[in-house]
file input02.txt (compact mmCIF, C-alpha atoms)
# COMPACT_ATOMS: atom_id res chain seq x y z
CA MET S 1 -24.18 -4.98 12.86
CA SER S 2 -21.79 -5.14 15.82
CA VAL S 3 -18.14 -4.29 15.37
CA LYS S 4 -17.13 -7.89 16.00
CA ALA S 5 -19.57 -9.25 13.42
CA THR S 6 -18.41 -6.70 10.89
CA ILE S 7 -14.82 -7.74 11.45
CA LYS S 8 -15.68 -11.43 11.04
CA MET S 9 -17.54 -10.71 7.80
CA LEU S 10 -14.80 -8.61 6.31
CA ASP S 11 -12.16 -11.10 7.37
CA ARG S 12 -13.70 -13.60 5.00
CA ILE S 13 -12.86 -11.30 2.15
CA GLY S 14 -9.35 -12.62 2.00
CA VAL S 15 -6.29 -10.67 0.93
CA GLU S 16 -3.50 -12.92 -0.19
CA MET S 17 -0.82 -12.62 2.47
CA MET S 18 2.73 -11.53 1.71
CA ASN S 19 5.35 -13.27 3.82
CA HIS S 20 8.52 -11.63 5.10
CA SER S 21 10.95 -13.07 2.57
CA GLU S 22 8.62 -12.05 -0.27
CA ALA S 23 8.49 -8.54 1.15
CA LEU S 24 12.29 -8.38 1.19
CA GLN S 25 12.82 -9.97 -2.20
CA GLN S 26 10.28 -7.73 -3.87
CA MET S 27 11.64 -4.63 -2.09
CA ALA S 28 8.08 -4.05 -0.97
CA ALA S 29 8.96 -1.14 1.33
CA GLU S 30 10.67 0.73 -1.50
CA ARG S 31 7.81 -0.05 -3.90
CA TYR S 32 5.34 1.15 -1.27
CA LEU S 33 7.16 4.45 -0.89
CA LEU S 34 7.39 4.83 -4.66
CA ASP S 35 3.68 4.03 -4.96
CA GLU S 36 4.45 1.14 -7.30
CA LEU S 37 2.37 -1.58 -5.63
CA THR S 38 -0.95 -2.66 -7.09
CA PRO S 39 -3.90 -2.17 -4.72
CA ASP S 40 -3.88 -5.90 -3.86
CA ALA S 41 -0.13 -5.97 -3.29
CA ARG S 42 -0.36 -2.82 -1.18
CA GLU S 43 -3.00 -4.39 1.04
CA ALA S 44 -1.03 -7.62 1.28
CA PHE S 45 2.09 -5.72 2.32
CA GLU S 46 0.16 -3.64 4.87
CA GLU S 47 -1.37 -6.81 6.29
CA HIS S 48 2.16 -8.13 6.74
CA LEU S 49 3.92 -5.03 7.96
CA PHE S 50 1.48 -4.28 10.78
CA ASP S 51 2.60 -7.56 12.35
CA CYS S 52 6.24 -7.44 11.26
CA PRO S 53 8.41 -5.08 13.33
CA GLU S 54 11.29 -5.41 10.86
CA CYS S 55 9.25 -4.35 7.85
CA ALA S 56 7.50 -1.67 9.90
CA LEU S 57 10.87 -0.20 10.87
CA ASP S 58 12.06 -0.44 7.29
CA LEU S 59 9.06 1.47 5.99
CA ARG S 60 9.15 4.08 8.72
CA ALA S 61 12.85 4.73 8.19
CA GLY S 62 12.28 5.00 4.45
CA ALA S 63 9.37 7.38 4.89
CA ALA S 64 11.33 9.50 7.38
CA PHE S 65 14.25 9.68 4.96
CA VAL S 66 12.00 10.75 2.09
CA GLU S 67 10.29 13.44 4.17
CA ALA S 68 13.60 14.84 5.40
CA ALA S 69 15.14 14.64 1.93
CA LYS S 70 12.28 16.62 0.41
CA THR S 71 13.14 19.63 2.57
CA GLN S 72 16.80 19.58 1.54
CA LEU S 73 16.75 18.50 -2.09
CA PRO S 74 15.83 21.92 -3.54
CA GLU S 75 19.01 23.38 -2.07
CA LEU S 76 21.20 20.42 -2.92
CA THR S 77 20.03 20.25 -6.53
CA GLY S 78 20.63 23.95 -7.09
CA ALA S 79 16.95 24.71 -7.51
CA LEU S 80 17.02 27.83 -5.33
CA VAL S 81 15.61 30.98 -6.79
CA ALA S 82 18.48 33.09 -8.13
CA SER S 83 19.50 35.95 -5.88
CA PRO S 84 18.86 39.45 -7.20
CA SER S 85 21.55 40.52 -9.65
CA ARG S 86 24.08 43.15 -8.67
CA PRO S 87 23.80 46.66 -10.00
CA HIS S 88 24.88 46.89 -13.63
CA LYS S 89 27.84 49.17 -12.91
CA ALA S 90 29.33 46.75 -10.36
CA ASN S 91 28.99 43.80 -12.82
CA ARG S 92 30.85 45.65 -15.52
CA GLU S 93 33.66 46.51 -13.12
CA TRP S 94 33.90 42.85 -12.03
CA TRP S 95 34.57 41.73 -15.64
CA LEU S 96 37.06 44.48 -16.32
CA PHE S 97 39.06 43.60 -13.22
CA TRP S 98 39.75 40.03 -14.40
CA LEU S 99 40.68 41.16 -17.91
CA ARG S 100 43.64 43.16 -16.70
CA PRO S 101 46.93 41.88 -18.14
CA ALA S 102 48.36 41.00 -14.74
CA PHE S 103 45.65 38.34 -14.37
CA ALA S 104 44.62 37.57 -17.92
CA THR S 105 48.07 36.79 -19.36
CA PRO S 106 49.05 33.99 -16.98
CA ALA S 107 45.47 32.68 -17.03
CA PHE S 108 45.44 32.39 -20.81
CA ALA S 109 48.92 30.87 -20.83
CA SER S 110 47.81 28.18 -18.37
CA LEU S 111 44.73 27.53 -20.46
CA LEU S 112 46.83 27.06 -23.58
CA LEU S 113 49.09 24.60 -21.77
CA VAL S 114 46.11 22.55 -20.57
CA LEU S 115 44.47 22.53 -24.00
CA GLY S 116 47.74 21.56 -25.66
CA TYR S 117 48.34 18.67 -23.29
CA GLN S 118 44.80 17.38 -23.71
CA ASN S 119 44.90 17.49 -27.50
CA LEU S 120 48.45 16.22 -27.95
CA VAL S 121 48.68 13.63 -25.18
CA THR S 122 45.45 12.74 -23.39
CA TYR S 123 42.97 12.43 -26.26
CA PRO S 124 45.26 10.43 -28.58
CA ARG S 125 45.95 8.00 -25.73
CA LEU S 126 42.24 7.61 -24.94
CA ARG S 127 41.38 7.08 -28.60
CA ALA S 128 44.11 4.45 -28.89
CA GLU S 129 42.85 2.64 -25.80
CA ALA S 130 39.26 2.68 -27.06
CA SER S 131 40.08 1.41 -30.54
CA GLN S 132 42.82 -1.12 -29.88
CA PRO S 133 42.49 -4.64 -28.50
CA ARG S 134 43.95 -5.10 -25.05
CA LEU S 135 44.38 -7.77 -22.47
CA ILE S 136 42.55 -7.58 -19.14
CA PRO S 137 43.14 -10.04 -16.28
CA TRP S 138 40.20 -12.43 -15.96
CA ALA S 139 39.39 -12.99 -12.28
CA GLN S 140 37.70 -16.10 -10.94
CA LEU S 141 34.63 -15.58 -8.81
CA ARG S 142 32.53 -18.01 -6.86
CA GLY S 143 28.83 -17.33 -6.54
CA ASP S 144 28.31 -18.09 -2.88
CA MET S 145 26.12 -16.13 -0.51
CA ARG S 146 27.82 -17.57 2.57
CA GLY S 147 31.46 -18.01 1.61
CA ALA S 148 34.34 -15.69 2.28
CA PRO S 149 34.97 -13.06 -0.40
CA VAL S 150 37.51 -13.78 -3.11
CA THR S 151 40.62 -11.59 -3.15
CA ILE S 152 41.58 -10.11 -6.52
CA THR S 153 44.82 -8.25 -7.17
CA ALA S 154 44.42 -5.57 -9.82
CA ASP S 155 45.88 -2.28 -10.98
CA HIS S 156 44.63 1.06 -12.29
CA GLU S 157 46.12 0.47 -15.72
CA HIS S 158 44.26 -2.72 -16.63
CA GLY S 159 41.20 -2.89 -14.41
CA VAL S 160 39.58 -6.27 -13.94
CA ALA S 161 37.16 -8.51 -15.82
CA LEU S 162 34.70 -10.63 -13.83
CA PRO S 163 32.77 -13.62 -15.13
CA ILE S 164 29.10 -13.41 -14.18
CA ASP S 165 27.12 -16.60 -14.73
CA LEU S 166 23.42 -16.25 -15.37
CA PRO S 167 21.86 -19.52 -14.22
CA SER S 168 19.19 -21.34 -16.13
CA GLN S 169 15.67 -20.21 -15.31
CA PRO S 170 13.82 -22.24 -12.65
CA SER S 171 10.94 -22.58 -15.10
CA GLU S 172 10.37 -21.38 -18.65
CA GLY S 173 9.52 -17.71 -18.72
CA ALA S 174 10.16 -17.23 -14.98
CA TYR S 175 12.28 -14.18 -15.67
CA ALA S 176 11.94 -11.60 -18.42
CA SER S 177 15.40 -10.26 -17.73
CA TYR S 178 18.27 -10.24 -15.27
CA SER S 179 19.44 -7.30 -13.20
CA ILE S 180 23.17 -6.95 -12.49
CA ASN S 181 24.12 -4.51 -9.71
CA LEU S 182 27.67 -3.68 -8.63
CA TYR S 183 28.22 -2.13 -5.17
CA ASP S 184 31.50 -0.39 -4.33
CA PRO S 185 33.44 -0.59 -1.03
CA GLN S 186 31.25 2.17 0.40
CA GLY S 187 28.15 0.13 -0.33
CA LYS S 188 27.04 2.55 -3.03
CA LEU S 189 25.52 1.34 -6.23
CA ALA S 190 28.32 1.82 -8.76
CA PHE S 191 26.82 0.13 -11.79
CA SER S 192 23.46 -1.31 -12.76
CA SER S 193 22.31 -3.02 -15.91
CA ILE S 194 19.47 -5.12 -17.20
CA VAL S 195 20.15 -7.97 -19.62
CA ALA S 196 17.59 -10.00 -21.51
CA THR S 197 17.24 -13.67 -20.68
CA PRO S 198 18.85 -16.06 -23.17
CA GLY S 199 16.71 -17.17 -26.10
CA ALA S 200 14.93 -20.50 -26.19
CA SER S 201 17.56 -21.92 -28.54
CA ASP S 202 20.35 -21.18 -26.05
CA SER S 203 20.95 -24.04 -23.70
CA GLY S 204 22.52 -23.95 -20.27
CA PRO S 205 23.75 -20.98 -18.24
CA GLN S 206 24.94 -17.82 -19.96
CA ARG S 207 28.20 -16.12 -18.99
CA LEU S 208 28.76 -12.38 -19.14
CA GLY S 209 31.94 -10.43 -18.55
CA LEU S 210 31.74 -7.42 -16.23
CA VAL S 211 34.71 -5.14 -16.88
CA ILE S 212 35.61 -2.63 -14.17
CA PRO S 213 37.98 0.00 -15.63
CA GLY S 214 41.18 0.53 -13.68
CA ALA S 215 40.52 4.24 -13.27
CA VAL S 216 37.54 3.59 -10.98
CA LEU S 217 38.95 0.68 -9.00
CA ARG S 218 39.55 1.16 -5.28
CA ASN S 219 40.84 -1.06 -2.49
CA GLY S 220 38.04 -2.74 -0.60
CA ALA S 221 35.07 -5.09 -0.72
CA TYR S 222 32.80 -5.10 -3.76
CA THR S 223 29.58 -7.00 -4.30
CA VAL S 224 27.80 -8.05 -7.46
CA ALA S 225 24.14 -9.00 -7.04
CA VAL S 226 22.33 -10.89 -9.78
CA SER S 227 18.53 -10.84 -9.69
CA GLY S 228 15.90 -12.35 -11.91
CA VAL S 229 13.24 -9.85 -12.97
CA ALA S 230 9.78 -11.25 -13.69
CA ALA S 231 7.48 -9.78 -16.30
CA ASN S 232 5.56 -7.93 -13.58
CA GLY S 233 8.76 -6.30 -12.31
CA GLU S 234 9.24 -8.46 -9.23
CA ARG S 235 12.90 -9.08 -8.45
CA THR S 236 14.32 -12.23 -6.92
CA GLU S 237 17.98 -12.28 -5.97
CA ILE S 238 19.56 -15.34 -7.56
CA ASP S 239 23.24 -14.99 -6.87
CA ARG S 240 25.71 -12.76 -5.09
CA TYR S 241 29.45 -12.43 -5.63
CA ALA S 242 31.62 -10.87 -2.93
CA PHE S 243 35.21 -9.97 -3.73
CA GLU S 244 38.03 -7.84 -2.33
CA ILE S 245 40.13 -5.67 -4.62
CA HIS S 246 43.78 -5.20 -3.67
CA LEU S 247 45.47 -2.67 -5.92
CA ASN S 248 49.08 -3.53 -6.53
CA SER S 249 51.99 -1.19 -5.76
CA LEU S 250 52.37 0.00 -9.39
CA ASN S 251 49.60 2.49 -8.59
CA MET F 1 18.48 -5.23 16.99
CA GLN F 2 16.01 -7.88 18.08
CA PHE F 3 12.62 -7.95 16.49
CA CYS F 4 9.85 -9.46 18.58
CA SER F 5 6.15 -9.77 17.96
CA PHE F 6 3.56 -8.55 20.44
CA SER F 7 3.17 -10.75 23.50
CA ALA F 8 0.20 -11.89 25.59
CA ASP F 9 1.55 -9.82 28.49
CA TYR F 10 1.53 -6.72 26.33
CA VAL F 11 -2.07 -7.30 25.29
CA GLN F 12 -3.01 -7.92 28.89
CA SER F 13 -1.42 -4.59 29.88
CA LEU F 14 -3.46 -2.87 27.20
CA CYS F 15 -6.65 -4.54 28.46
CA ALA F 16 -5.83 -3.49 32.01
CA GLY F 17 -5.48 0.12 30.91
CA ASP F 18 -1.76 0.33 31.67
CA HIS F 19 -0.81 3.87 30.69
CA GLN F 20 2.71 3.01 29.53
CA ALA F 21 1.47 0.18 27.33
CA GLN F 22 -1.27 2.34 25.83
CA GLU F 23 1.14 5.17 25.12
CA HIS F 24 3.55 2.76 23.44
CA PHE F 25 0.73 1.23 21.41
CA VAL F 26 -0.49 4.60 20.15
CA VAL F 27 3.01 5.83 19.29
CA TYR F 28 3.93 2.57 17.54
CA PHE F 29 0.84 2.39 15.35
CA THR F 30 0.26 6.11 14.72
CA GLU F 31 3.06 6.31 12.21
CA LEU F 32 2.08 3.08 10.44
CA LEU F 33 -1.53 4.20 10.20
CA ASP F 34 -0.48 7.61 8.90
CA LEU F 35 1.62 5.99 6.16
CA LYS F 36 -1.30 3.74 5.23
CA LEU F 37 -3.89 6.53 5.26
CA ARG F 38 -1.77 9.10 3.41
CA SER F 39 -2.14 7.09 0.22
CA ARG F 40 -5.93 6.91 0.60
CA LEU F 41 -7.07 10.22 2.12
CA GLN F 42 -6.38 13.78 1.05
CA SER F 43 -6.69 15.91 4.16
CA PRO F 44 -4.74 15.68 7.40
CA GLN F 45 -8.02 16.07 9.30
CA ALA F 46 -9.54 13.00 7.65
CA ILE F 47 -6.37 11.02 8.41
CA GLU F 48 -6.53 12.12 12.04
CA ASP F 49 -10.23 11.24 12.28
CA VAL F 50 -9.79 7.74 10.81
CA ARG F 51 -6.78 7.08 13.00
CA GLN F 52 -8.54 8.13 16.18
CA GLU F 53 -11.60 6.06 15.27
CA THR F 54 -9.33 3.06 14.61
CA PHE F 55 -7.81 3.34 18.08
CA ALA F 56 -11.23 3.85 19.67
CA ARG F 57 -12.69 0.76 18.02
CA PHE F 58 -9.62 -1.28 18.83
CA PHE F 59 -9.80 -0.55 22.52
CA SER F 60 -13.55 -1.09 22.52
CA VAL F 61 -13.21 -4.57 21.01
CA LEU F 62 -10.20 -5.37 23.17
CA ARG F 63 -11.98 -4.57 26.42
CA LYS F 64 -15.16 -6.37 25.43
CA ASP F 65 -13.78 -9.50 23.74
CA GLY F 66 -10.03 -9.55 24.28
CA LEU F 67 -7.58 -10.79 21.62
CA ARG F 68 -7.17 -14.50 21.03
CA GLN F 69 -3.96 -14.16 19.03
CA PRO F 70 -1.71 -11.50 20.61
CA GLU F 71 0.95 -12.08 17.98
CA ARG F 72 -1.59 -10.93 15.37
CA LEU F 73 -2.30 -7.66 17.18
CA GLY F 74 -0.82 -5.60 14.35
CA ALA F 75 -2.90 -7.31 11.68
CA PHE F 76 -5.97 -6.75 13.86
CA VAL F 77 -5.26 -3.01 14.02
CA ASN F 78 -4.82 -2.98 10.24
CA GLN F 79 -8.14 -4.73 9.71
CA ILE F 80 -9.96 -2.31 12.00
CA CYS F 81 -8.45 0.57 10.07
CA ASN F 82 -9.72 -0.97 6.83
CA HIS F 83 -13.21 -1.15 8.30
CA VAL F 84 -13.07 2.44 9.53
CA LEU F 85 -11.97 3.51 6.05
CA PHE F 86 -14.86 1.57 4.54
CA ASP F 87 -17.29 3.39 6.85
CA HIS F 88 -15.61 6.70 6.12
CA TYR F 89 -16.02 6.30 2.36
CA HIS F 90 -19.62 5.21 2.86
CA ALA F 91 -20.37 8.22 5.05
CA ALA F 92 -18.61 10.57 2.65
CA ALA F 93 -20.72 9.34 -0.24
CA ALA F 94 -23.91 9.89 1.73
CA SER F 95 -23.16 13.36 3.04
CA GLU F 96 -20.65 16.16 2.78
CA SER F 97 -17.24 14.61 2.61
CA LEU F 98 -14.96 14.94 5.61
CA ASP F 99 -12.03 14.43 3.31
CA VAL F 100 -11.82 18.01 2.12
CA GLU F 101 -8.59 19.75 1.40
CA GLY F 102 -8.14 23.15 2.84
CA ARG F 103 -9.32 22.36 6.33
CA PRO F 104 -6.90 23.52 8.98
CA GLU F 105 -4.38 20.90 10.01
CA PRO F 106 -4.51 19.60 13.55
CA VAL F 107 -2.18 21.60 15.75
CA ALA F 108 0.95 19.60 16.41
CA GLY F 109 2.05 19.09 20.00
CA GLY F 110 5.03 21.08 21.17
CA ALA F 111 8.42 19.45 20.69
CA ASP F 112 10.67 19.14 23.69
CA ALA F 113 14.41 19.79 23.68
CA LEU F 114 15.26 16.16 22.97
CA ASP F 115 12.88 16.09 19.99
CA ILE F 116 14.55 19.20 18.58
CA VAL F 117 18.03 17.74 18.96
CA SER F 118 16.96 14.43 17.41
CA ALA F 119 15.30 16.20 14.49
CA ARG F 120 18.48 18.19 13.90
CA GLN F 121 20.65 15.07 13.93
CA ILE F 122 18.34 13.25 11.57
CA LYS F 123 18.37 16.24 9.24
CA ASP F 124 22.20 16.27 9.30
CA LYS F 125 22.36 12.55 8.56
CA VAL F 126 19.97 12.85 5.61
CA ARG F 127 21.99 15.78 4.29
CA ALA F 128 25.20 13.74 4.51
CA ILE F 129 23.59 10.86 2.64
CA LEU F 130 22.27 13.15 -0.07
CA LEU F 131 25.63 14.89 -0.47
CA ASP F 132 27.26 11.51 -0.90
CA LEU F 133 25.06 10.77 -3.89
CA GLU F 134 25.90 11.71 -7.43
CA PRO F 135 24.22 14.98 -8.46
CA ARG F 136 22.19 13.03 -10.97
CA ASP F 137 20.84 10.75 -8.25
CA ARG F 138 19.88 13.74 -6.13
CA SER F 139 18.03 15.24 -9.05
CA LEU F 140 16.36 11.89 -9.65
CA LEU F 141 15.09 11.73 -6.07
CA LYS F 142 13.89 15.32 -6.28
CA ALA F 143 11.99 14.65 -9.49
CA VAL F 144 10.27 11.62 -7.98
CA PHE F 145 9.52 12.69 -4.40
CA LEU F 146 9.39 16.47 -4.47
CA ASP F 147 8.22 17.28 -7.99
CA GLU F 148 6.05 14.11 -7.94
CA ARG F 149 6.58 13.54 -11.64
CA ASP F 150 5.56 10.37 -13.43
CA ARG F 151 8.05 7.63 -12.56
CA ASP F 152 8.40 6.24 -16.07
CA GLU F 153 8.93 9.69 -17.53
CA VAL F 154 11.59 10.46 -14.94
CA CYS F 155 13.38 7.16 -15.57
CA ARG F 156 13.40 7.83 -19.31
CA GLU F 157 14.76 11.33 -18.80
CA PHE F 158 17.55 10.17 -16.51
CA GLY F 159 18.31 7.04 -18.52
CA VAL F 160 17.63 4.60 -15.68
CA ASP F 161 15.06 1.91 -15.03
CA ARG F 162 12.68 1.35 -12.11
CA ASP F 163 15.13 -1.12 -10.58
CA TYR F 164 17.77 1.58 -10.35
CA LEU F 165 15.34 3.92 -8.64
CA ARG F 166 14.35 1.25 -6.14
CA VAL F 167 17.91 0.29 -5.35
CA LEU F 168 18.89 3.97 -4.99
CA LEU F 169 16.14 4.45 -2.43
CA HIS F 170 16.99 1.16 -0.75
CA ARG F 171 20.67 2.05 -0.28
CA ALA F 172 19.87 5.51 1.04
CA LYS F 173 17.30 4.10 3.43
CA GLN F 174 19.69 1.43 4.72
CA GLU F 175 22.33 4.06 5.40
CA PHE F 176 19.80 6.22 7.20
CA LYS F 177 18.21 3.44 9.24
CA ALA F 178 20.89 3.16 11.92
CA GLU F 179 20.65 6.87 12.74
CA TYR F 180 16.87 6.72 12.65
CA VAL F 181 16.75 3.81 15.08
CA LYS F 182 19.19 5.55 17.41
CA ARG F 183 17.04 8.68 17.51
CA ALA F 184 13.61 7.04 17.57
CA GLY F 185 14.62 4.62 20.35
CA ASN F 186 12.12 2.23 21.97
CA GLN F 187 9.22 3.41 19.86
CA MET F 188 10.58 1.15 17.15
CA ARG F 189 10.08 -2.09 19.03
CA PRO F 190 6.76 -3.66 19.94
CA GLY F 191 6.34 -3.65 23.68
CA THR F 192 7.23 -7.16 24.71
CA ASN F 193 8.49 -6.24 28.13
CA ILE F 194 6.11 -3.48 29.22

call {"tool": "encode", "arguments": {"input": "input02.txt", "output": "structure tokens"}}
result
Amino acid sequence: MSVKATIKMLDRIGVEMMNHSEALQQMAAERYLLDELTPDAREAFEEHLFDCPECALDLRAGAAFVEAAKTQLPELTGALVASPSRPHKANREWWLFWLRPAFATPAFASLLLVLGYQNLVTYPRLRAEASQPRLIPWAQLRGDMRGAPVTITADHEHGVALPIDLPSQPSEGAYASYSINLYDPQGKLAFSSIVATPGASDSGPQRLGLVIPGAVLRNGAYTVAVSGVAANGERTEIDRYAFEIHLNSLN
Amino acid sequence: MQFCSFSADYVQSLCAGDHQAQEHFVVYFTELLDLKLRSRLQSPQAIEDVRQETFARFFSVLRKDGLRQPERLGAFVNQICNHVLFDHYHAAAASESLDVEGRPEPVAGGADALDIVSARQIKDKVRAILLDLEPRDRSLLKAVFLDERDRDEVCREFGVDRDYLRVLLHRAKQEFKAEYVKRAGNQMRPGTNI
């Protein structure tokens, strides 16, 4: 059989195509690198990416990152083989040196001060905050992928509470759960959570409150992305909230 | 960055044997084919063999019959690779398998000074991205990509779900992409103006 005839024959064995927006929505490049795609999905993605420069670049960059990261991760995760220990005599001298009164006395005194402050001031305050009701400013957000971000004034003491609306499902059982991801001003994923879809008896959209503690708030642009997660794990971004945090001068 | 599909002029240059077009074509698709074949073949030699055969068949068909849909050039290369793989598996079943681990790897070509500098800069960028991650996230990436542990087991151990892992990789890749494109240069774009 000639090459051309073979190609024509095998072309009839169709692989369902994946279009570009599907590839992006499903994070196909990431799934490919994590070896999460089914054989059919993998072939569909390959069929697409060989003709799509954007997806090809995405995959190549991801693969290059993974390969480079593999060479550096052992060092950065402290997985190096321990260096040979020092001679026993030198180790013993090292410990004795730091136990001399000139060093030990002020060191222990500082330690006592720190422990005292933590137990008498810090921990009681934290326990009180965790067990007592408190008021947190409730910010208004608009879910709009194209609009300008909302500006929210906040402070380190109170933090901020954000209403996140989970829309009704496009069809019954479309999503098994929702994924809520919060990205900080540096674009890093700061928080991620999965919530179950509302029960059949619940009607209309469900509202959740996302509380960002004041201690972790920074000036800058945050993003909250809400995605529907199907039973097979496919994610579809449903909504996106963009907001700017301005910390007030009390901080 | 502008993304363009392959043009009729590009295909014509390939048919005419234009050296620059051919070199671009091979560079552009070598990496994609390697990524595809890595998940299907064990040895570097088998990957090299299938890739070379893919290119050989492509140019053979191109010179004999041409390409009616230049914008589908990439999909055509992918299909040819699938056929070569099919033949490879068939041949391996019938005789001693070519896909044997332990064979010596093909000798890599020498890197020039620019390659060395680019590799160094890419390494520095990756290091910066990794250092910016939480230690837990670094350990998570190590467990998945270096230790090659089961994904579900790793997610359970670290208290995250598959979504978290995907988004972690996605964010790191996005941050890395600009540097990668800067270093890899024109090899990233299909040759529309060759």

call {"tool": "closest_residue", "arguments": {"input": "input02.txt", "among": "S:Ala190, S:Ile136, S:Ala104, S:Leu112", "to": "chain F", "atoms": "all atoms listed in the file"}}
result
S:Ala190

call {"tool": "interface_residues", "arguments": {"input": "input02.txt", "of": "chain S", "to": "chain F", "cutoff": "8 Å", "atoms": "all atoms listed in the file", "output": "MDAnalysis selection string"}}
result
chainID S and resid 3:4 7 10:11 27 30:31 34 46:54 56:58 60:63 65:66 68:70 72:74 76:77 179 187:189 192

call {"tool": "atom_distance", "arguments": {"input": "input02.txt", "atom1": "CA of His20 (chain S)", "atom2": "CA of Asn232 (chain S)"}}
result
19.3 Å

call {"tool": "atom_distance", "arguments": {"input": "input02.txt", "atom1": "CA of Glu234 (chain S)", "atom2": "CA of Thr197 (chain S)"}}
result
14.9 Å

call {"tool": "atom_distance", "arguments": {"input": "input02.txt", "atom1": "CA of Thr236 (chain S)", "atom2": "CA of Ala23 (chain S)"}}
result
10.6 Å

call {"tool": "closest_residue", "arguments": {"input": "input02.txt", "among": "S:Ser227, S:Gln186, S:Ser193, S:Gln118", "to": "Asp239 (chain S)", "atoms": "all atoms listed in the file"}}
result
S:Ser227

call {"tool": "closest_residue", "arguments": {"input": "input02.txt", "among": "F:Phe55, F:Tyr89, F:Phe25, F:Tyr10", "to": "Gln69 (chain F)", "atoms": "all atoms listed in the file"}}
result
F:Tyr10

call {"tool": "residues_near_point", "arguments": {"input": "input02.txt", "point": "(-11.8, 8.4, 2.3)", "cutoff": "12 Å", "atoms": "all atoms listed in the file", "output": "compact mmCIF listing (two decimals) with C-alpha atoms, in the coordinates of the input"}}
result
# COMPACT_ATOMS: atom_id res chain seq x y z
CA LYS F 36 -1.30 3.74 5.23
CA LEU F 37 -3.89 6.53 5.26
CA ARG F 38 -1.77 9.10 3.41
CA SER F 39 -2.14 7.09 0.22
CA ARG F 40 -5.93 6.91 0.60
CA LEU F 41 -7.07 10.22 2.12
CA GLN F 42 -6.38 13.78 1.05
CA SER F 43 -6.69 15.91 4.16
CA PRO F 44 -4.74 15.68 7.40
CA GLN F 45 -8.02 16.07 9.30
CA ALA F 46 -9.54 13.00 7.65
CA ILE F 47 -6.37 11.02 8.41
CA GLU F 48 -6.53 12.12 12.04
CA ASP F 49 -10.23 11.24 12.28
CA VAL F 50 -9.79 7.74 10.81
CA ARG F 51 -6.78 7.08 13.00
CA CYS F 81 -8.45 0.57 10.07
CA ASN F 82 -9.72 -0.97 6.83
CA HIS F 83 -13.21 -1.15 8.30
CA VAL F 84 -13.07 2.44 9.53
CA LEU F 85 -11.97 3.51 6.05
CA PHE F 86 -14.86 1.57 4.54
CA ASP F 87 -17.29 3.39 6.85
CA HIS F 88 -15.61 6.70 6.12
CA TYR F 89 -16.02 6.30 2.36
CA HIS F 90 -19.62 5.21 2.86
CA ALA F 91 -20.37 8.22 5.05
CA ALA F 92 -18.61 10.57 2.65
CA ALA F 93 -20.72 9.34 -0.24
CA GLU F 96 -20.65 16.16 2.78
CA SER F 97 -17.24 14.61 2.61
CA LEU F 98 -14.96 14.94 5.61
CA ASP F 99 -12.03 14.43 3.31
CA VAL F 100 -11.82 18.01 2.12
CA GLU F 101 -8.59 19.75 1.40
